[in-house]
Amino acid sequence: MKQLLSFLIPLFAMFGLQASAQEQSPKPVKWQFSVEKKSDKEYILHAKSSIDKGWLLFSTTMGNDDPNTRIALDSSIKGTVGGITEQGKLENRKEPLFDNIDIKYFEQEATFDVAVNADAPLTKLKGTVSYMVLKGEEVLPEEEKFDIAVGNGQATATAEPAATETASGDVAEDDASNKSLWWIFIASFGGGFIALITPCVFSMIPITVSFFTKRSKTRAEGIKNAFTYSLSIIIIYTFLGFLITKIFGASALNSLASNGIANMIFFVIFLLFAFSFLGAFEISLPSSWANVSDSKAGMGSMLGIFFMALTLAIVSFSCTGPILGNLLVLAAKGGNTGPLVGMFGFSLALAIPFSLFALFPSLLNKIGKSGGWLNAVKVTLGFVELALALKFFSNVDMAYHWNLLDREIFLALWIAIFGLLTLYLIGKLKFSHDSDVPFLSVTRLSFALVTFSFVIYMIPGMWGAPLKGISGFLPHEGSQDFNLNKSLTDIRVSLESGGGGGNTSSGTTAVVKPKKLVDILHSEIPGVDNLFFDYEEALAAAKAANKPLMLDFTGHTCVNCRKFEKSVLSDPRVMKIMRNDFVVASLYTDEKTSLPDAEQYTSKFDGSKVTNIGQKNLDLEATHFKRNSQPYYIPVDLEGKALVNKGYGYDPKEDADAFIQYLESAKAEFAKRQGK
């Protein structure tokens with residue numbers, strides 16, 4: 001077992017280099033277009049830009065050889081561009097990046113009114129905005145196409161933004177916002193404190209600090225050495241985050257969530273860690289690794305202290321490895337800076353005790369010895385690791401439709417695991433390496449109460465209770481054989497809508513039932529049983545019913561998708577609107593079912609080969625809506641063109657009222673385009 005990790009680490013490296021999912025950066029400027037008809041041959045194009053924070057959009061008044069914004073008509077439009085009027089706060093400054101030339105630019109927003117003189121009456125206005133943006137030393141050339149019907153002045157879906165409008169009207173970027181980075185830091189900081197109470201780390205605190213205080217001639221020198229040791233720990237773990245970001249990339253880490261091979265590797269690793277924590281065997285890195293770093297620890301001054309910290313990192317890996325694995329998956333959500341922030345938070349929590357004990361060495365006499373309650377912590381972590389291992393296996397099971405771990409089976413296993421943990425905490429279950437528990441302490445009783453309460457909370461889920469608190473970790477509800485909650489919900493929504501079937505309403509002349517993929521995929525949108533899983537089939541159904549089409553880009557392994565479905569889409573008001581006023585299509589971006597050979601193609605977005613349904617849906621989202629994150633809800637008209645300027649992503653506020661407003665705005669725009 002000692003050689004296990006020396007085999008697994010190269011395996012992770014191989015997977016990271018082969019990861020194919022690439023996250024496309026959103027454009028820093030979002031555009032909205034409309035046209036005003038002055039006469040049969042005179043038109044005004046209104047191009048409104050929304051500029052992301054920190055970016056500068058160059059003015060159209062810059063010289064031809066300078067960075068600027070240009071607006072050109074398509075060759076099919078017979079006409080010329082006249083003058084351009086700019087609206088917005090125009091700034092100017094000298095820019096060292098361009099040899100200190102005077103640049104003119106806009107921040108936040110700007111509108112360009114373009115006079116168009118046509119040779120003949122136009123039915124549409126088509127062209128391209130070519131522009132340059134600046135942020136620090138980063139300069140990007142971008143372009144945005146527009147294709148607008150002159151009659152109604154509505155833009156097509158070519159100008160879709162890559163951000164999600166939140167309930168408050170703010171824009172939440174795909175990459176890490178300040179809030180998400182703070183959340184990653186706090187979660188990682190907490191993970192560091194959990195690592196502290198593992199036997200591998202905890203037992204080294206008195207040994208290490210005593211070593212520093214004995215080798216130091218003065219208390220001041222001892223404190224300095226201990227702080228140096230703490231700083232070394234931070235540098236080692238933060239550098240690890242830097243390497244992961246640069247070598248594997250945040251998008252590669254993010255792709256682990258839906259990759260079958262990666263999830264199976266995680267399943268095996270977490271299973272091994274669980275059995276190890278429960279006392280079946282010991283896992284450690286090869287002893288030669290620790291011996292090399294430990295031999296360097298005798299070197300003088302700062303370098304020796306650094307190798308002492310490296311020894312801690314290596315020796316404690318068997319305890320900190322599972323915690324770091326969870327944190328790295330979380331940190332991947334923070335884009336390029338997420339792993340750095342996560343590792344800094346983790347290492348900071350890990351380093352703090354060494355500094356505190358150096359400042360107050362008398363505290364060393366008050367802490368417990370490694371064993372006893374520390375072993376109880378280790379066993380408890382073993383039960384938790386076992387539960388997490390099932391989650392990784394569930395990801396693969398759902399993506400490949402093995403149907404081995406349906407929702408009720410998953411819940412039964414979790415109930416059993418945490419039920420046994422409760423028995424262990426109250427002393428009714430004992431392992432061979434456990435110490436005797438002469439009495440039940442208040443601490444163990446408190447943890448037992450929390451664990452048993454969690455068991456009781458999960459039991460109604462066996463009959464279909466939504467369990468919103470953990471819904472993101474459970475297999476989808478469609479996999480449950482008996483779901484009383486779904487049956488009652490369908491009956492209630494059917495009665496409220498007049499007894500009609502899903503996606504029907506008064507005045508509907510035709511209802512197309514879904515046929516594709518219904519044998520392997522199930523409805524996860526509450527109250528909508530007539531759910532489509534294929535874009536072309538759903539669009540045909542929308543045309544037949546004369547209703548807008550709601551595209552739900554989702555995933556089998558998408559935790560936030562399940563949370564949003566249970567918190568927002570389960571609101572009765574939302575269910576009624578989605579059921580009666582929209583045709584709904586859930587497009588799984590991690591569905592592994594292969595496309596027929598005749599339907600496979602090369603993506604125009606990134607040149608990749610599209611061979612399965614998930615890749616096709618992800619390519620649709622990226623190509624037409626400039627997004628590749630889930631969940632993502634975007635309503636379209638009967639031509640597949642977006643009805644709104646911003647799609648709706650995961651809302652941590654879980655605000656059903658905001659989503660209802662979003663749906664109503666889409667309905668109003670659809671009615672407008674249909675001339676109702």
# chains A, B, ... in the order shown; residues from 1 in each chain; ligands from 1
>>> residues_around(residues="region 460-464 of chain A", least_positions_apart="6", cutoff="9 Å", atoms="only C-alpha atoms", output="list in words")
Arg407, Glu408, Ile409, Leu411, Ala412, Glu477, Gln480, Phe482, Asn483, Leu484, Asn485 and Lys486 of chain A
>>> write_last_selection(atoms="all heavy atoms", output="mmCIF file, in the first residue's frame")
data_model
loop_
_atom_site.group_PDB
_atom_site.id
_atom_site.type_symbol
_atom_site.label_atom_id
_atom_site.label_comp_id
_atom_site.auth_asym_id
_atom_site.auth_seq_id
_atom_site.Cartn_x
_atom_site.Cartn_y
_atom_site.Cartn_z
ATOM 1 N N ARG A 407 -31.746 6.453 -6.747
ATOM 2 C CA ARG A 407 -31.844 7.394 -5.638
ATOM 3 C C ARG A 407 -32.153 6.698 -4.314
ATOM 4 O O ARG A 407 -31.544 6.998 -3.287
ATOM 5 C CB ARG A 407 -32.910 8.452 -5.957
ATOM 6 C CG ARG A 407 -32.956 9.624 -4.961
ATOM 7 C CD ARG A 407 -33.913 10.684 -5.467
ATOM 8 N NE ARG A 407 -33.880 11.884 -4.641
ATOM 9 C CZ ARG A 407 -34.719 12.133 -3.635
ATOM 10 N NH1 ARG A 407 -35.658 11.245 -3.332
ATOM 11 N NH2 ARG A 407 -34.645 13.264 -2.945
ATOM 12 N N GLU A 408 -33.110 5.752 -4.321
ATOM 13 C CA GLU A 408 -33.470 5.119 -3.057
ATOM 14 C C GLU A 408 -32.355 4.207 -2.547
ATOM 15 O O GLU A 408 -32.155 4.062 -1.334
ATOM 16 C CB GLU A 408 -34.797 4.347 -3.173
ATOM 17 C CG GLU A 408 -34.756 3.156 -4.107
ATOM 18 C CD GLU A 408 -35.131 3.510 -5.533
ATOM 19 O OE1 GLU A 408 -34.888 4.649 -5.944
ATOM 20 O OE2 GLU A 408 -35.671 2.632 -6.222
ATOM 21 N N ILE A 409 -31.586 3.584 -3.455
ATOM 22 C CA ILE A 409 -30.465 2.741 -3.029
ATOM 23 C C ILE A 409 -29.360 3.607 -2.442
ATOM 24 O O ILE A 409 -28.761 3.275 -1.409
ATOM 25 C CB ILE A 409 -29.943 1.914 -4.222
ATOM 26 C CG1 ILE A 409 -31.032 0.959 -4.713
ATOM 27 C CG2 ILE A 409 -28.691 1.137 -3.831
ATOM 28 C CD1 ILE A 409 -30.648 0.170 -5.942
ATOM 29 N N LEU A 411 -29.722 6.565 -1.046
ATOM 30 C CA LEU A 411 -30.179 7.045 0.256
ATOM 31 C C LEU A 411 -30.106 5.944 1.314
ATOM 32 O O LEU A 411 -29.722 6.196 2.463
ATOM 33 C CB LEU A 411 -31.609 7.576 0.148
ATOM 34 C CG LEU A 411 -31.756 9.014 -0.350
ATOM 35 C CD1 LEU A 411 -33.212 9.328 -0.653
ATOM 36 C CD2 LEU A 411 -31.207 10.002 0.676
ATOM 37 N N ALA A 412 -30.460 4.709 0.931
ATOM 38 C CA ALA A 412 -30.407 3.601 1.887
ATOM 39 C C ALA A 412 -28.975 3.389 2.379
ATOM 40 O O ALA A 412 -28.742 3.149 3.577
ATOM 41 C CB ALA A 412 -30.945 2.327 1.237
ATOM 42 N N GLU A 477 -34.119 12.449 -9.278
ATOM 43 C CA GLU A 477 -35.374 11.868 -8.794
ATOM 44 C C GLU A 477 -35.983 10.903 -9.798
ATOM 45 O O GLU A 477 -36.734 10.005 -9.435
ATOM 46 C CB GLU A 477 -36.376 12.982 -8.474
ATOM 47 C CG GLU A 477 -36.092 13.714 -7.176
ATOM 48 C CD GLU A 477 -37.250 14.586 -6.737
ATOM 49 O OE1 GLU A 477 -38.405 14.241 -7.052
ATOM 50 O OE2 GLU A 477 -37.005 15.610 -6.088
ATOM 51 N N GLN A 480 -35.784 7.164 -9.166
ATOM 52 C CA GLN A 480 -36.453 6.549 -8.017
ATOM 53 C C GLN A 480 -37.698 5.806 -8.479
ATOM 54 O O GLN A 480 -38.554 6.353 -9.185
ATOM 55 C CB GLN A 480 -36.822 7.613 -6.980
ATOM 56 C CG GLN A 480 -37.302 7.027 -5.667
ATOM 57 C CD GLN A 480 -37.003 7.945 -4.489
ATOM 58 O OE1 GLN A 480 -36.287 8.917 -4.627
ATOM 59 N NE2 GLN A 480 -37.539 7.618 -3.323
ATOM 60 N N PHE A 482 -40.301 4.554 -6.717
ATOM 61 C CA PHE A 482 -41.539 5.045 -6.109
ATOM 62 C C PHE A 482 -41.289 6.444 -5.566
ATOM 63 O O PHE A 482 -40.489 6.624 -4.653
ATOM 64 C CB PHE A 482 -41.991 4.118 -4.976
ATOM 65 C CG PHE A 482 -43.214 4.625 -4.250
ATOM 66 C CD1 PHE A 482 -44.451 4.622 -4.871
ATOM 67 C CD2 PHE A 482 -43.118 5.108 -2.955
ATOM 68 C CE1 PHE A 482 -45.575 5.098 -4.211
ATOM 69 C CE2 PHE A 482 -44.239 5.572 -2.286
ATOM 70 C CZ PHE A 482 -45.470 5.570 -2.908
ATOM 71 N N ASN A 483 -41.982 7.418 -6.147
ATOM 72 C CA ASN A 483 -41.776 8.802 -5.760
ATOM 73 C C ASN A 483 -43.131 9.427 -5.464
ATOM 74 O O ASN A 483 -43.812 9.946 -6.355
ATOM 75 C CB ASN A 483 -41.065 9.575 -6.878
ATOM 76 C CG ASN A 483 -40.540 10.925 -6.414
ATOM 77 O OD1 ASN A 483 -41.155 11.583 -5.583
ATOM 78 N ND2 ASN A 483 -39.410 11.341 -6.950
ATOM 79 N N LEU A 484 -43.539 9.332 -4.217
ATOM 80 C CA LEU A 484 -44.838 9.847 -3.802
ATOM 81 C C LEU A 484 -44.914 11.357 -3.992
ATOM 82 O O LEU A 484 -45.950 11.891 -4.411
ATOM 83 C CB LEU A 484 -45.092 9.474 -2.347
ATOM 84 C CG LEU A 484 -46.432 9.927 -1.741
ATOM 85 C CD1 LEU A 484 -47.597 9.308 -2.496
ATOM 86 C CD2 LEU A 484 -46.490 9.567 -0.256
ATOM 87 N N ASN A 485 -43.830 12.065 -3.705
ATOM 88 C CA ASN A 485 -43.826 13.525 -3.823
ATOM 89 C C ASN A 485 -44.076 13.968 -5.265
ATOM 90 O O ASN A 485 -44.856 14.885 -5.518
ATOM 91 C CB ASN A 485 -42.494 14.075 -3.323
ATOM 92 C CG ASN A 485 -42.409 15.584 -3.434
ATOM 93 O OD1 ASN A 485 -43.079 16.310 -2.722
ATOM 94 N ND2 ASN A 485 -41.564 16.070 -4.351
ATOM 95 N N LYS A 486 -43.431 13.298 -6.223
ATOM 96 C CA LYS A 486 -43.612 13.670 -7.630
ATOM 97 C C LYS A 486 -45.033 13.383 -8.094
ATOM 98 O O LYS A 486 -45.638 14.168 -8.830
ATOM 99 C CB LYS A 486 -42.615 12.920 -8.514
ATOM 100 C CG LYS A 486 -42.666 13.317 -9.985
ATOM 101 C CD LYS A 486 -41.623 12.573 -10.789
ATOM 102 C CE LYS A 486 -41.603 13.081 -12.235
ATOM 103 N NZ LYS A 486 -42.897 12.946 -12.905
#
>>> residues_around(residues="region 413-429 of chain A", least_positions_apart="4", cutoff="7 Å", atoms="only C-alpha atoms", output="list in words")
Thr380, Phe383, Ala387, Ile409, Val437, Leu440, Arg444, Leu445, Ala448, Thr451, Phe452, Val455 and Met458 of chain A
>>> write_last_selection(atoms="N, CA and C atoms", output="PDB file, in the first residue's frame")
ATOM      1  N   THR A 380     -14.350   8.585  12.296  1.00  0.00           N
ATOM      2  CA  THR A 380     -15.466   9.405  11.806  1.00  0.00           C
ATOM      3  C   THR A 380     -15.200   9.874  10.385  1.00  0.00           C
ATOM      4  N   PHE A 383     -15.938   7.105   7.879  1.00  0.00           N
ATOM      5  CA  PHE A 383     -17.345   6.982   7.484  1.00  0.00           C
ATOM      6  C   PHE A 383     -17.728   8.057   6.465  1.00  0.00           C
ATOM      7  N   ALA A 387     -19.048   7.678   2.463  1.00  0.00           N
ATOM      8  CA  ALA A 387     -20.236   8.319   1.879  1.00  0.00           C
ATOM      9  C   ALA A 387     -19.873   9.116   0.637  1.00  0.00           C
ATOM     10  N   ILE A 409     -31.586   3.584  -3.455  1.00  0.00           N
ATOM     11  CA  ILE A 409     -30.465   2.741  -3.029  1.00  0.00           C
ATOM     12  C   ILE A 409     -29.360   3.607  -2.442  1.00  0.00           C
ATOM     13  N   VAL A 437     -14.191   3.345  25.813  1.00  0.00           N
ATOM     14  CA  VAL A 437     -14.969   4.553  26.104  1.00  0.00           C
ATOM     15  C   VAL A 437     -15.740   4.292  27.397  1.00  0.00           C
ATOM     16  N   LEU A 440     -19.858   8.328  28.035  1.00  0.00           N
ATOM     17  CA  LEU A 440     -20.157   9.125  26.848  1.00  0.00           C
ATOM     18  C   LEU A 440     -19.975  10.597  27.180  1.00  0.00           C
ATOM     19  N   ARG A 444     -18.999  13.854  22.280  1.00  0.00           N
ATOM     20  CA  ARG A 444     -19.420  12.738  21.437  1.00  0.00           C
ATOM     21  C   ARG A 444     -20.937  12.675  21.337  1.00  0.00           C
ATOM     22  N   LEU A 445     -21.632  12.976  22.414  1.00  0.00           N
ATOM     23  CA  LEU A 445     -23.094  12.981  22.377  1.00  0.00           C
ATOM     24  C   LEU A 445     -23.603  14.037  21.401  1.00  0.00           C
ATOM     25  N   ALA A 448     -23.105  12.809  17.948  1.00  0.00           N
ATOM     26  CA  ALA A 448     -24.043  11.718  17.697  1.00  0.00           C
ATOM     27  C   ALA A 448     -25.446  12.257  17.414  1.00  0.00           C
ATOM     28  N   THR A 451     -25.470  13.662  13.858  1.00  0.00           N
ATOM     29  CA  THR A 451     -25.442  12.583  12.870  1.00  0.00           C
ATOM     30  C   THR A 451     -26.779  11.858  12.795  1.00  0.00           C
ATOM     31  N   PHE A 452     -27.366  11.557  13.950  1.00  0.00           N
ATOM     32  CA  PHE A 452     -28.638  10.835  13.953  1.00  0.00           C
ATOM     33  C   PHE A 452     -29.766  11.710  13.399  1.00  0.00           C
ATOM     34  N   VAL A 455     -29.662  11.369   9.778  1.00  0.00           N
ATOM     35  CA  VAL A 455     -30.269  10.102   9.361  1.00  0.00           C
ATOM     36  C   VAL A 455     -31.785  10.231   9.290  1.00  0.00           C
ATOM     37  N   MET A 458     -32.964  12.140   6.261  1.00  0.00           N
ATOM     38  CA  MET A 458     -32.901  11.458   4.967  1.00  0.00           C
ATOM     39  C   MET A 458     -34.003  10.427   4.767  1.00  0.00           C
TER      40      MET A 458
END
>>> atom_distance(atom1="CA of Glu536 (chain A)", atom2="CA of Pro635 (chain A)")
14.5 Å
>>> residues_around(residues="Ala538 (chain A)", least_positions_apart="2", cutoff="12 Å", atoms="only C-alpha atoms", output="PyMOL selection string")
chain A and resi 503+511-516+530-536+540-552+582-587+636-640
>>> atom_distance(atom1="CA of Tyr588 (chain A)", atom2="CA of Asn617 (chain A)")
6.6 Å
>>> closest_residue(among="A:Trp183, A:Phe306, A:Phe625, A:Tyr131", to="Ile51 (chain A)", atoms="only C-alpha atoms")
A:Tyr131
>>> atom_distance(atom1="CA of Lys378 (chain A)", atom2="CA of Met264 (chain A)")
23.7 Å
>>> closest_residue(among="A:Gly190, A:Gly63, A:Pro339, A:Gly527", to="Thr238 (chain A)", atoms="only C-alpha atoms")
A:Pro339
>>> closest_residue(among="A:Ala110, A:Ile44, A:Val341, A:Val139", to="Ser188 (chain A)", atoms="only C-alpha atoms")
A:Val341
>>> closest_residue(among="A:Val528, A:Leu595, A:Leu404, A:Leu620", to="Asn580 (chain A)", atoms="only C-alpha atoms")
A:Val528
>>> closest_residue(among="A:Lys126, A:Glu524, A:Gln630, A:Val379", to="Phe273 (chain A)", atoms="only C-alpha atoms")
A:Val379
>>> select_by_dssp(residues="region 538-648 of chain A", states="helix (DSSP H, G or I)", output="PyMOL selection string")
chain A and resi 538-545+559-569+572-581+597-599+613-625
>>> select_by_dssp(residues="region 409-612 of chain A", states="strand (DSSP E)", output="list in words")
Leu549, Met550, Leu551, Asp552, Phe553, Thr554, Val583, Val584, Ala585, Ser586, Leu587, Tyr588, Tyr601, Thr602, Lys609 and Val610 of chain A
>>> write_last_selection(atoms="C-alpha atoms", output="PDB file, in the first residue's frame")
ATOM      1  CA  LEU A 549     -39.095  27.138 -25.992  1.00  0.00           C
ATOM      2  CA  MET A 550     -37.228  27.117 -22.670  1.00  0.00           C
ATOM      3  CA  LEU A 551     -33.786  25.570 -23.049  1.00  0.00           C
ATOM      4  CA  ASP A 552     -32.433  24.095 -19.835  1.00  0.00           C
ATOM      5  CA  PHE A 553     -28.732  23.301 -20.213  1.00  0.00           C
ATOM      6  CA  THR A 554     -28.078  20.879 -17.381  1.00  0.00           C
ATOM      7  CA  VAL A 583     -42.235  23.972 -24.157  1.00  0.00           C
ATOM      8  CA  VAL A 584     -39.284  22.812 -22.053  1.00  0.00           C
ATOM      9  CA  ALA A 585     -36.148  20.972 -23.163  1.00  0.00           C
ATOM     10  CA  SER A 586     -33.526  19.674 -20.740  1.00  0.00           C
ATOM     11  CA  LEU A 587     -30.272  19.365 -22.672  1.00  0.00           C
ATOM     12  CA  TYR A 588     -27.713  17.299 -20.765  1.00  0.00           C
ATOM     13  CA  TYR A 601     -19.675  16.627 -36.919  1.00  0.00           C
ATOM     14  CA  THR A 602     -16.829  19.036 -36.240  1.00  0.00           C
ATOM     15  CA  LYS A 609     -15.172  16.388 -32.885  1.00  0.00           C
ATOM     16  CA  VAL A 610     -18.769  16.083 -31.641  1.00  0.00           C
TER      17      VAL A 610
END
>>> closest_atom_pairs(of="region 536-600 of chain A", to="region 648-659 of chain A", cutoff="12 Å", atoms="only C-alpha atoms", output="JSON lines")
{"residue": "A:Met550", "atom": "CA", "partner": "A:Tyr648", "partner_atom": "CA", "distance": 10.9}
{"residue": "A:Leu551", "atom": "CA", "partner": "A:Tyr648", "partner_atom": "CA", "distance": 10.5}
{"residue": "A:Asp552", "atom": "CA", "partner": "A:Tyr648", "partner_atom": "CA", "distance": 9.6}
{"residue": "A:Phe553", "atom": "CA", "partner": "A:Gly649", "partner_atom": "CA", "distance": 9.5}
{"residue": "A:Thr554", "atom": "CA", "partner": "A:Gly649", "partner_atom": "CA", "distance": 10.3}
{"residue": "A:Cys558", "atom": "CA", "partner": "A:Tyr650", "partner_atom": "CA", "distance": 10.7}
{"residue": "A:Val559", "atom": "CA", "partner": "A:Tyr650", "partner_atom": "CA", "distance": 10.2}
{"residue": "A:Asn560", "atom": "CA", "partner": "A:Tyr650", "partner_atom": "CA", "distance": 6.4}
{"residue": "A:Cys561", "atom": "CA", "partner": "A:Tyr650", "partner_atom": "CA", "distance": 7.3}
{"residue": "A:Arg562", "atom": "CA", "partner": "A:Tyr650", "partner_atom": "CA", "distance": 10.1}
{"residue": "A:Lys563", "atom": "CA", "partner": "A:Tyr650", "partner_atom": "CA", "distance": 8.7}
{"residue": "A:Phe564", "atom": "CA", "partner": "A:Tyr650", "partner_atom": "CA", "distance": 6.5}
{"residue": "A:Glu565", "atom": "CA", "partner": "A:Glu654", "partner_atom": "CA", "distance": 9.8}
{"residue": "A:Lys566", "atom": "CA", "partner": "A:Glu654", "partner_atom": "CA", "distance": 9.6}
{"residue": "A:Ser567", "atom": "CA", "partner": "A:Glu654", "partner_atom": "CA", "distance": 6.1}
{"residue": "A:Val568", "atom": "CA", "partner": "A:Ala656", "partner_atom": "CA", "distance": 5.0}
{"residue": "A:Leu569", "atom": "CA", "partner": "A:Ala656", "partner_atom": "CA", "distance": 7.5}
{"residue": "A:Ser570", "atom": "CA", "partner": "A:Ala656", "partner_atom": "CA", "distance": 9.0}
{"residue": "A:Asp571", "atom": "CA", "partner": "A:Ala656", "partner_atom": "CA", "distance": 6.8}
{"residue": "A:Pro572", "atom": "CA", "partner": "A:Ala656", "partner_atom": "CA", "distance": 9.7}
{"residue": "A:Arg573", "atom": "CA", "partner": "A:Ala656", "partner_atom": "CA", "distance": 8.4}
{"residue": "A:Val574", "atom": "CA", "partner": "A:Ala656", "partner_atom": "CA", "distance": 7.2}
{"residue": "A:Met575", "atom": "CA", "partner": "A:Ala656", "partner_atom": "CA", "distance": 10.5}
{"residue": "A:Ile577", "atom": "CA", "partner": "A:Phe659", "partner_atom": "CA", "distance": 10.7}
{"residue": "A:Met578", "atom": "CA", "partner": "A:Phe659", "partner_atom": "CA", "distance": 10.9}
>>> residues_around(residues="Thr611 (chain A)", least_positions_apart="5", cutoff="9 Å", atoms="only C-alpha atoms", output="list in words")
Thr593, Ser594, Leu595, Pro596, Asp597, Glu599, Gln600, Tyr601, Thr602 and Lys616 of chain A
>>> write_last_selection(atoms="C-alpha atoms", output="PDB file, in the first residue's frame")
ATOM      1  CA  THR A 593     -24.923   8.374 -25.519  1.00  0.00           C
ATOM      2  CA  SER A 594     -23.173   8.315 -28.900  1.00  0.00           C
ATOM      3  CA  LEU A 595     -24.595  10.101 -31.915  1.00  0.00           C
ATOM      4  CA  PRO A 596     -25.177   8.086 -35.098  1.00  0.00           C
ATOM      5  CA  ASP A 597     -22.214   8.322 -37.465  1.00  0.00           C
ATOM      6  CA  GLU A 599     -24.977  13.015 -37.144  1.00  0.00           C
ATOM      7  CA  GLN A 600     -21.411  13.413 -35.874  1.00  0.00           C
ATOM      8  CA  TYR A 601     -19.675  16.627 -36.919  1.00  0.00           C
ATOM      9  CA  THR A 602     -16.829  19.036 -36.240  1.00  0.00           C
ATOM     10  CA  LYS A 616     -23.711  18.276 -29.117  1.00  0.00           C
TER      11      LYS A 616
END
